[in-house]
Amino acid sequence: MLTLNAVTKSYAGPRARQVLRDVSLSVGDGEFVAIMGESGAGKSTLLNLIAGLDLPDAGSVVLDGTDLSALDDNARTRLRRHRMGFVFQAIHLLPHLTVSQNVRLPLDIAEMPRDQANRRVGAILEAVGILKLANDFPRSISGGEAQRAAIARALVHEPQLMLADEPTGNLDREAAAQVLTLLREQVKQRAGGGILVTHSGSAARTADRVYVLTQDGLAVQTG
Ligand SMILES: Nc1ncnc2c1ncn2[C@@H]1O[C@H](COP(=O)(O)OP(=O)(O)O)[C@@H](O)[C@H]1O
Ligand SMILES: [Mg+2]
């Protein structure tokens, strides 16, 4: 479903260096994959390339047969909105919208009919255990609850690919474990596949396959 072929990326500037070197990766249908690596290893850079927010210097990122480098900015934006879902460490719920309005955003973008969208939003809020918070605003819910809302928002439009960048980085251990269980379960139910970026070994163990990103590239974790 997703394939990266020998992706290379450098940033220009005073501290210029090659961040990604010959990174190859594939995520099959139904797979939930983790990418581990030290801070600064290039994990977020890699996710940005997969999301089409940035383009590789060499190599390709191919989603379901489409090379992202071959698309113009508008087409990449459309593909990202319709076929991807995102969960970040900083949760990014919009403060002036309720939980259910936040979760609904991808369906509004897709112009889904109202009744159908209502049903979808209700079902996913129930699945992630925050239906009772539907009409609350983000400021009045906990970090763990907010991350559940963000997971619901990332998956409500049933994207091909879910991308999560350190989704439990700001949560205590118990909330983190719950959020990860939920994330994995919801990706399996509602997305084509998912990538979890994390520096936490216990988080990575929830994945079907674990990669490690270093200066030398990306390798499957062994042992
Ligand atoms: N937009 C940018 N311009 C220049 N350097 C960047 C940029 N984004 C990230 N970097 C550098 O690239 C390296 C990898 O960053 P990042 O992908 O954020 O790592 P990680 O997410 O694994 O912590 C770091 O050294 C960082 O300073
Ligand atoms: Mg990062």
# chains A, B, ... in the order shown; residues from 1 in each chain; ligands from 1
call {"tool": "residues_near_ligand", "arguments": {"ligand": "ligand 2", "cutoff": "9 Å", "atoms": "only C-alpha atoms and all ligand atoms", "output": "PyMOL selection string"}}
result
chain A and resi 39-45+47+165-166+197-198
call {"tool": "write_last_selection", "arguments": {"atoms": "all heavy atoms", "output": "mmCIF file, in the first residue's frame"}}
result
data_model
loop_
_atom_site.group_PDB
_atom_site.id
_atom_site.type_symbol
_atom_site.label_atom_id
_atom_site.label_comp_id
_atom_site.auth_asym_id
_atom_site.auth_seq_id
_atom_site.Cartn_x
_atom_site.Cartn_y
_atom_site.Cartn_z
ATOM 1 N N SER A 39 15.899 11.053 19.396
ATOM 2 C CA SER A 39 15.510 12.408 19.047
ATOM 3 C C SER A 39 16.510 12.950 18.019
ATOM 4 O O SER A 39 17.718 12.780 18.174
ATOM 5 C CB SER A 39 15.534 13.254 20.315
ATOM 6 O OG SER A 39 15.149 14.557 20.006
ATOM 7 N N GLY A 40 16.016 13.547 16.947
ATOM 8 C CA GLY A 40 16.886 14.083 15.899
ATOM 9 C C GLY A 40 17.250 13.080 14.826
ATOM 10 O O GLY A 40 17.944 13.412 13.861
ATOM 11 N N ALA A 41 16.785 11.845 14.962
ATOM 12 C CA ALA A 41 17.137 10.802 13.983
ATOM 13 C C ALA A 41 16.476 11.034 12.620
ATOM 14 O O ALA A 41 16.917 10.484 11.613
ATOM 15 C CB ALA A 41 16.744 9.423 14.519
ATOM 16 N N GLY A 42 15.416 11.830 12.606
ATOM 17 C CA GLY A 42 14.748 12.112 11.338
ATOM 18 C C GLY A 42 13.358 11.511 11.232
ATOM 19 O O GLY A 42 12.787 11.443 10.137
ATOM 20 N N LYS A 43 12.777 11.114 12.359
ATOM 21 C CA LYS A 43 11.463 10.456 12.329
ATOM 22 C C LYS A 43 10.375 11.389 11.791
ATOM 23 O O LYS A 43 9.578 10.997 10.946
ATOM 24 C CB LYS A 43 11.089 9.966 13.739
ATOM 25 C CG LYS A 43 12.116 9.026 14.362
ATOM 26 C CD LYS A 43 11.690 8.533 15.741
ATOM 27 C CE LYS A 43 11.535 9.609 16.796
ATOM 28 N NZ LYS A 43 12.776 10.359 17.110
ATOM 29 N N SER A 44 10.365 12.620 12.296
ATOM 30 C CA SER A 44 9.331 13.556 11.832
ATOM 31 C C SER A 44 9.571 13.941 10.372
ATOM 32 O O SER A 44 8.619 14.089 9.589
ATOM 33 C CB SER A 44 9.295 14.810 12.710
ATOM 34 O OG SER A 44 8.897 14.457 14.022
ATOM 35 N N THR A 45 10.836 14.070 9.998
ATOM 36 C CA THR A 45 11.167 14.334 8.601
ATOM 37 C C THR A 45 10.607 13.230 7.703
ATOM 38 O O THR A 45 9.992 13.500 6.659
ATOM 39 C CB THR A 45 12.708 14.405 8.442
ATOM 40 O OG1 THR A 45 13.200 15.480 9.251
ATOM 41 C CG2 THR A 45 13.116 14.610 7.003
ATOM 42 N N LEU A 47 8.073 11.202 8.362
ATOM 43 C CA LEU A 47 6.604 11.293 8.303
ATOM 44 C C LEU A 47 6.161 12.424 7.374
ATOM 45 O O LEU A 47 5.177 12.287 6.650
ATOM 46 C CB LEU A 47 6.009 11.509 9.696
ATOM 47 C CG LEU A 47 5.873 10.291 10.595
ATOM 48 C CD1 LEU A 47 5.040 10.639 11.821
ATOM 49 C CD2 LEU A 47 5.241 9.106 9.876
ATOM 50 N N ASP A 165 2.756 10.668 15.196
ATOM 51 C CA ASP A 165 4.092 11.124 15.586
ATOM 52 C C ASP A 165 4.134 11.308 17.100
ATOM 53 O O ASP A 165 3.578 12.266 17.624
ATOM 54 C CB ASP A 165 4.421 12.442 14.871
ATOM 55 C CG ASP A 165 5.914 12.778 14.938
ATOM 56 O OD1 ASP A 165 6.659 12.104 15.685
ATOM 57 O OD2 ASP A 165 6.337 13.710 14.233
ATOM 58 N N GLU A 166 4.767 10.375 17.809
ATOM 59 C CA GLU A 166 4.888 10.425 19.275
ATOM 60 C C GLU A 166 3.539 10.702 19.940
ATOM 61 O O GLU A 166 3.426 11.607 20.771
ATOM 62 C CB GLU A 166 5.874 11.518 19.701
ATOM 63 C CG GLU A 166 7.239 11.448 19.048
ATOM 64 C CD GLU A 166 8.226 10.574 19.803
ATOM 65 O OE1 GLU A 166 7.786 9.836 20.704
ATOM 66 O OE2 GLU A 166 9.417 10.622 19.477
ATOM 67 N N VAL A 197 5.280 6.564 14.982
ATOM 68 C CA VAL A 197 6.632 7.003 15.282
ATOM 69 C C VAL A 197 6.738 7.212 16.780
ATOM 70 O O VAL A 197 5.885 7.854 17.385
ATOM 71 C CB VAL A 197 6.952 8.306 14.523
ATOM 72 C CG1 VAL A 197 8.075 9.063 15.186
ATOM 73 C CG2 VAL A 197 7.309 8.000 13.083
ATOM 74 N N THR A 198 7.768 6.638 17.378
ATOM 75 C CA THR A 198 7.880 6.710 18.838
ATOM 76 C C THR A 198 9.328 6.490 19.270
ATOM 77 O O THR A 198 10.096 5.868 18.554
ATOM 78 C CB THR A 198 6.972 5.647 19.498
ATOM 79 O OG1 THR A 198 7.086 5.747 20.904
ATOM 80 C CG2 THR A 198 7.356 4.233 19.066
#
call {"tool": "closest_atom_pairs", "arguments": {"of": "chain A", "to": "ligand 1", "cutoff": "12 Å", "atoms": "only C-alpha atoms and all ligand atoms", "output": "JSON lines"}}
result
{"residue": "A:Lys9", "atom": "CA", "partner": "ligand 1", "partner_atom_place_in_ligand_line": "12 (O)", "distance": 9.2}
{"residue": "A:Ser10", "atom": "CA", "partner": "ligand 1", "partner_atom_place_in_ligand_line": "12 (O)", "distance": 7.8}
{"residue": "A:Tyr11", "atom": "CA", "partner": "ligand 1", "partner_atom_place_in_ligand_line": "4 (C)", "distance": 4.8}
{"residue": "A:Ala12", "atom": "CA", "partner": "ligand 1", "partner_atom_place_in_ligand_line": "4 (C)", "distance": 6.4}
{"residue": "A:Gly13", "atom": "CA", "partner": "ligand 1", "partner_atom_place_in_ligand_line": "4 (C)", "distance": 6.8}
{"residue": "A:Pro14", "atom": "CA", "partner": "ligand 1", "partner_atom_place_in_ligand_line": "4 (C)", "distance": 8.9}
{"residue": "A:Arg15", "atom": "CA", "partner": "ligand 1", "partner_atom_place_in_ligand_line": "5 (N)", "distance": 7.3}
{"residue": "A:Ala16", "atom": "CA", "partner": "ligand 1", "partner_atom_place_in_ligand_line": "5 (N)", "distance": 7.1}
{"residue": "A:Arg17", "atom": "CA", "partner": "ligand 1", "partner_atom_place_in_ligand_line": "12 (O)", "distance": 7.8}
{"residue": "A:Gln18", "atom": "CA", "partner": "ligand 1", "partner_atom_place_in_ligand_line": "12 (O)", "distance": 8.1}
{"residue": "A:Val19", "atom": "CA", "partner": "ligand 1", "partner_atom_place_in_ligand_line": "12 (O)", "distance": 5.6}
{"residue": "A:Leu20", "atom": "CA", "partner": "ligand 1", "partner_atom_place_in_ligand_line": "14 (C)", "distance": 8.3}
{"residue": "A:Arg21", "atom": "CA", "partner": "ligand 1", "partner_atom_place_in_ligand_line": "14 (C)", "distance": 11.8}
{"residue": "A:Ile35", "atom": "CA", "partner": "ligand 1", "partner_atom_place_in_ligand_line": "22 (O)", "distance": 9.5}
{"residue": "A:Met36", "atom": "CA", "partner": "ligand 1", "partner_atom_place_in_ligand_line": "22 (O)", "distance": 8.3}
{"residue": "A:Gly37", "atom": "CA", "partner": "ligand 1", "partner_atom_place_in_ligand_line": "22 (O)", "distance": 6.1}
{"residue": "A:Glu38", "atom": "CA", "partner": "ligand 1", "partner_atom_place_in_ligand_line": "22 (O)", "distance": 6.0}
{"residue": "A:Ser39", "atom": "CA", "partner": "ligand 1", "partner_atom_place_in_ligand_line": "23 (O)", "distance": 3.7}
{"residue": "A:Gly40", "atom": "CA", "partner": "ligand 1", "partner_atom_place_in_ligand_line": "19 (O)", "distance": 3.5}
{"residue": "A:Ala41", "atom": "CA", "partner": "ligand 1", "partner_atom_place_in_ligand_line": "22 (O)", "distance": 3.9}
{"residue": "A:Gly42", "atom": "CA", "partner": "ligand 1", "partner_atom_place_in_ligand_line": "17 (O)", "distance": 3.2}
{"residue": "A:Lys43", "atom": "CA", "partner": "ligand 1", "partner_atom_place_in_ligand_line": "22 (O)", "distance": 3.6}
{"residue": "A:Ser44", "atom": "CA", "partner": "ligand 1", "partner_atom_place_in_ligand_line": "21 (O)", "distance": 3.7}
{"residue": "A:Thr45", "atom": "CA", "partner": "ligand 1", "partner_atom_place_in_ligand_line": "17 (O)", "distance": 3.6}
{"residue": "A:Leu46", "atom": "CA", "partner": "ligand 1", "partner_atom_place_in_ligand_line": "17 (O)", "distance": 6.4}
{"residue": "A:Leu47", "atom": "CA", "partner": "ligand 1", "partner_atom_place_in_ligand_line": "17 (O)", "distance": 8.1}
{"residue": "A:Asn48", "atom": "CA", "partner": "ligand 1", "partner_atom_place_in_ligand_line": "17 (O)", "distance": 8.3}
{"residue": "A:Leu49", "atom": "CA", "partner": "ligand 1", "partner_atom_place_in_ligand_line": "17 (O)", "distance": 10.1}
{"residue": "A:Leu53", "atom": "CA", "partner": "ligand 1", "partner_atom_place_in_ligand_line": "1 (N)", "distance": 11.1}
{"residue": "A:Asp54", "atom": "CA", "partner": "ligand 1", "partner_atom_place_in_ligand_line": "1 (N)", "distance": 9.5}
{"residue": "A:Leu55", "atom": "CA", "partner": "ligand 1", "partner_atom_place_in_ligand_line": "1 (N)", "distance": 11.9}
{"residue": "A:Phe88", "atom": "CA", "partner": "ligand 1", "partner_atom_place_in_ligand_line": "21 (O)", "distance": 11.4}
{"residue": "A:Gln89", "atom": "CA", "partner": "ligand 1", "partner_atom_place_in_ligand_line": "21 (O)", "distance": 11.0}
{"residue": "A:Ala164", "atom": "CA", "partner": "ligand 1", "partner_atom_place_in_ligand_line": "21 (O)", "distance": 11.4}
{"residue": "A:Asp165", "atom": "CA", "partner": "ligand 1", "partner_atom_place_in_ligand_line": "21 (O)", "distance": 8.0}
{"residue": "A:Glu166", "atom": "CA", "partner": "ligand 1", "partner_atom_place_in_ligand_line": "21 (O)", "distance": 8.7}
{"residue": "A:Leu196", "atom": "CA", "partner": "ligand 1", "partner_atom_place_in_ligand_line": "21 (O)", "distance": 11.9}
{"residue": "A:Val197", "atom": "CA", "partner": "ligand 1", "partner_atom_place_in_ligand_line": "21 (O)", "distance": 8.3}
{"residue": "A:Thr198", "atom": "CA", "partner": "ligand 1", "partner_atom_place_in_ligand_line": "22 (O)", "distance": 8.7}
{"residue": "A:His199", "atom": "CA", "partner": "ligand 1", "partner_atom_place_in_ligand_line": "22 (O)", "distance": 8.5}
{"residue": "A:Val212", "atom": "CA", "partner": "ligand 1", "partner_atom_place_in_ligand_line": "22 (O)", "distance": 10.5}
{"residue": "A:Leu213", "atom": "CA", "partner": "ligand 1", "partner_atom_place_in_ligand_line": "22 (O)", "distance": 8.0}
{"residue": "A:Thr214", "atom": "CA", "partner": "ligand 1", "partner_atom_place_in_ligand_line": "22 (O)", "distance": 8.9}
{"residue": "A:Gln215", "atom": "CA", "partner": "ligand 1", "partner_atom_place_in_ligand_line": "14 (C)", "distance": 9.9}
{"residue": "A:Leu218", "atom": "CA", "partner": "ligand 1", "partner_atom_place_in_ligand_line": "22 (O)", "distance": 11.9}
call {"tool": "residues_around", "arguments": {"residues": "Gly129 in chain A", "least_positions_apart": "5", "cutoff": "12 Å", "atoms": "only C-alpha atoms", "output": "list in words"}}
result
Gly122, Ala123, Ile124, Ala134, Gly144, Glu145, Ala146, Gln147, Arg148, Ala149, Ile151, Ala152, Gln178, Val179, Leu182 and Gln186 of chain A
call {"tool": "write_last_selection", "arguments": {"atoms": "C-alpha atoms", "output": "mmCIF file, in the first residue's frame"}}
result
data_model
loop_
_atom_site.group_PDB
_atom_site.id
_atom_site.type_symbol
_atom_site.label_atom_id
_atom_site.label_comp_id
_atom_site.auth_asym_id
_atom_site.auth_seq_id
_atom_site.Cartn_x
_atom_site.Cartn_y
_atom_site.Cartn_z
ATOM 1 C CA GLY A 122 -21.236 8.971 17.059
ATOM 2 C CA ALA A 123 -19.899 5.506 16.301
ATOM 3 C CA ILE A 124 -16.248 6.458 16.524
ATOM 4 C CA ALA A 134 -19.139 14.984 22.471
ATOM 5 C CA GLY A 144 -5.752 11.260 27.425
ATOM 6 C CA GLU A 145 -9.308 12.132 26.416
ATOM 7 C CA ALA A 146 -8.042 14.747 23.980
ATOM 8 C CA GLN A 147 -5.722 12.203 22.386
ATOM 9 C CA ARG A 148 -8.683 9.806 22.027
ATOM 10 C CA ALA A 149 -10.536 12.604 20.244
ATOM 11 C CA ILE A 151 -7.444 9.411 17.176
ATOM 12 C CA ALA A 152 -11.138 9.592 16.317
ATOM 13 C CA GLN A 178 -4.764 2.956 26.789
ATOM 14 C CA VAL A 179 -4.264 5.325 23.872
ATOM 15 C CA LEU A 182 -7.023 2.073 21.104
ATOM 16 C CA GLN A 186 -8.946 1.544 15.490
#
call {"tool": "select_by_dssp", "arguments": {"residues": "range 188-223 of chain A", "states": "helix (DSSP H, G or I)", "output": "list of chain:residue names"}}
result
A:Lys188, A:Gln189, A:Arg190, A:Gly201, A:Ser202, A:Ala203, A:Ala204
call {"tool": "write_last_selection", "arguments": {"atoms": "N, CA, C and O atoms", "output": "PDB file, in the first residue's frame"}}
result
ATOM      1  N   LYS A 188      -6.693  -0.924  12.791  1.00  0.00           N
ATOM      2  CA  LYS A 188      -7.047  -2.218  12.200  1.00  0.00           C
ATOM      3  C   LYS A 188      -8.481  -2.199  11.664  1.00  0.00           C
ATOM      4  O   LYS A 188      -8.792  -2.834  10.667  1.00  0.00           O
ATOM      5  N   GLN A 189      -9.367  -1.487  12.368  1.00  0.00           N
ATOM      6  CA  GLN A 189     -10.771  -1.476  11.957  1.00  0.00           C
ATOM      7  C   GLN A 189     -11.075  -0.491  10.847  1.00  0.00           C
ATOM      8  O   GLN A 189     -11.954  -0.713  10.033  1.00  0.00           O
ATOM      9  N   ARG A 190     -10.406   0.668  10.872  1.00  0.00           N
ATOM     10  CA  ARG A 190     -10.885   1.764  10.034  1.00  0.00           C
ATOM     11  C   ARG A 190      -9.880   2.293   9.022  1.00  0.00           C
ATOM     12  O   ARG A 190     -10.225   3.183   8.231  1.00  0.00           O
ATOM     13  N   GLY A 201      10.072   2.046  23.541  1.00  0.00           N
ATOM     14  CA  GLY A 201      10.103   0.636  23.187  1.00  0.00           C
ATOM     15  C   GLY A 201       8.790  -0.057  23.485  1.00  0.00           C
ATOM     16  O   GLY A 201       8.323  -0.888  22.705  1.00  0.00           O
ATOM     17  N   SER A 202       8.167   0.304  24.608  1.00  0.00           N
ATOM     18  CA  SER A 202       6.917  -0.370  24.948  1.00  0.00           C
ATOM     19  C   SER A 202       5.817   0.031  23.974  1.00  0.00           C
ATOM     20  O   SER A 202       4.958  -0.781  23.625  1.00  0.00           O
ATOM     21  N   ALA A 203       5.853   1.284  23.496  1.00  0.00           N
ATOM     22  CA  ALA A 203       4.880   1.706  22.483  1.00  0.00           C
ATOM     23  C   ALA A 203       5.099   0.919  21.195  1.00  0.00           C
ATOM     24  O   ALA A 203       4.155   0.417  20.579  1.00  0.00           O
ATOM     25  N   ALA A 204       6.368   0.795  20.812  1.00  0.00           N
ATOM     26  CA  ALA A 204       6.676   0.124  19.544  1.00  0.00           C
ATOM     27  C   ALA A 204       6.239  -1.338  19.569  1.00  0.00           C
ATOM     28  O   ALA A 204       5.869  -1.897  18.539  1.00  0.00           O
TER      29      ALA A 204
END
call {"tool": "atom_distance", "arguments": {"atom1": "CA of Leu133 in chain A", "atom2": "CA of Leu155 in chain A"}}
result
17.8 Å
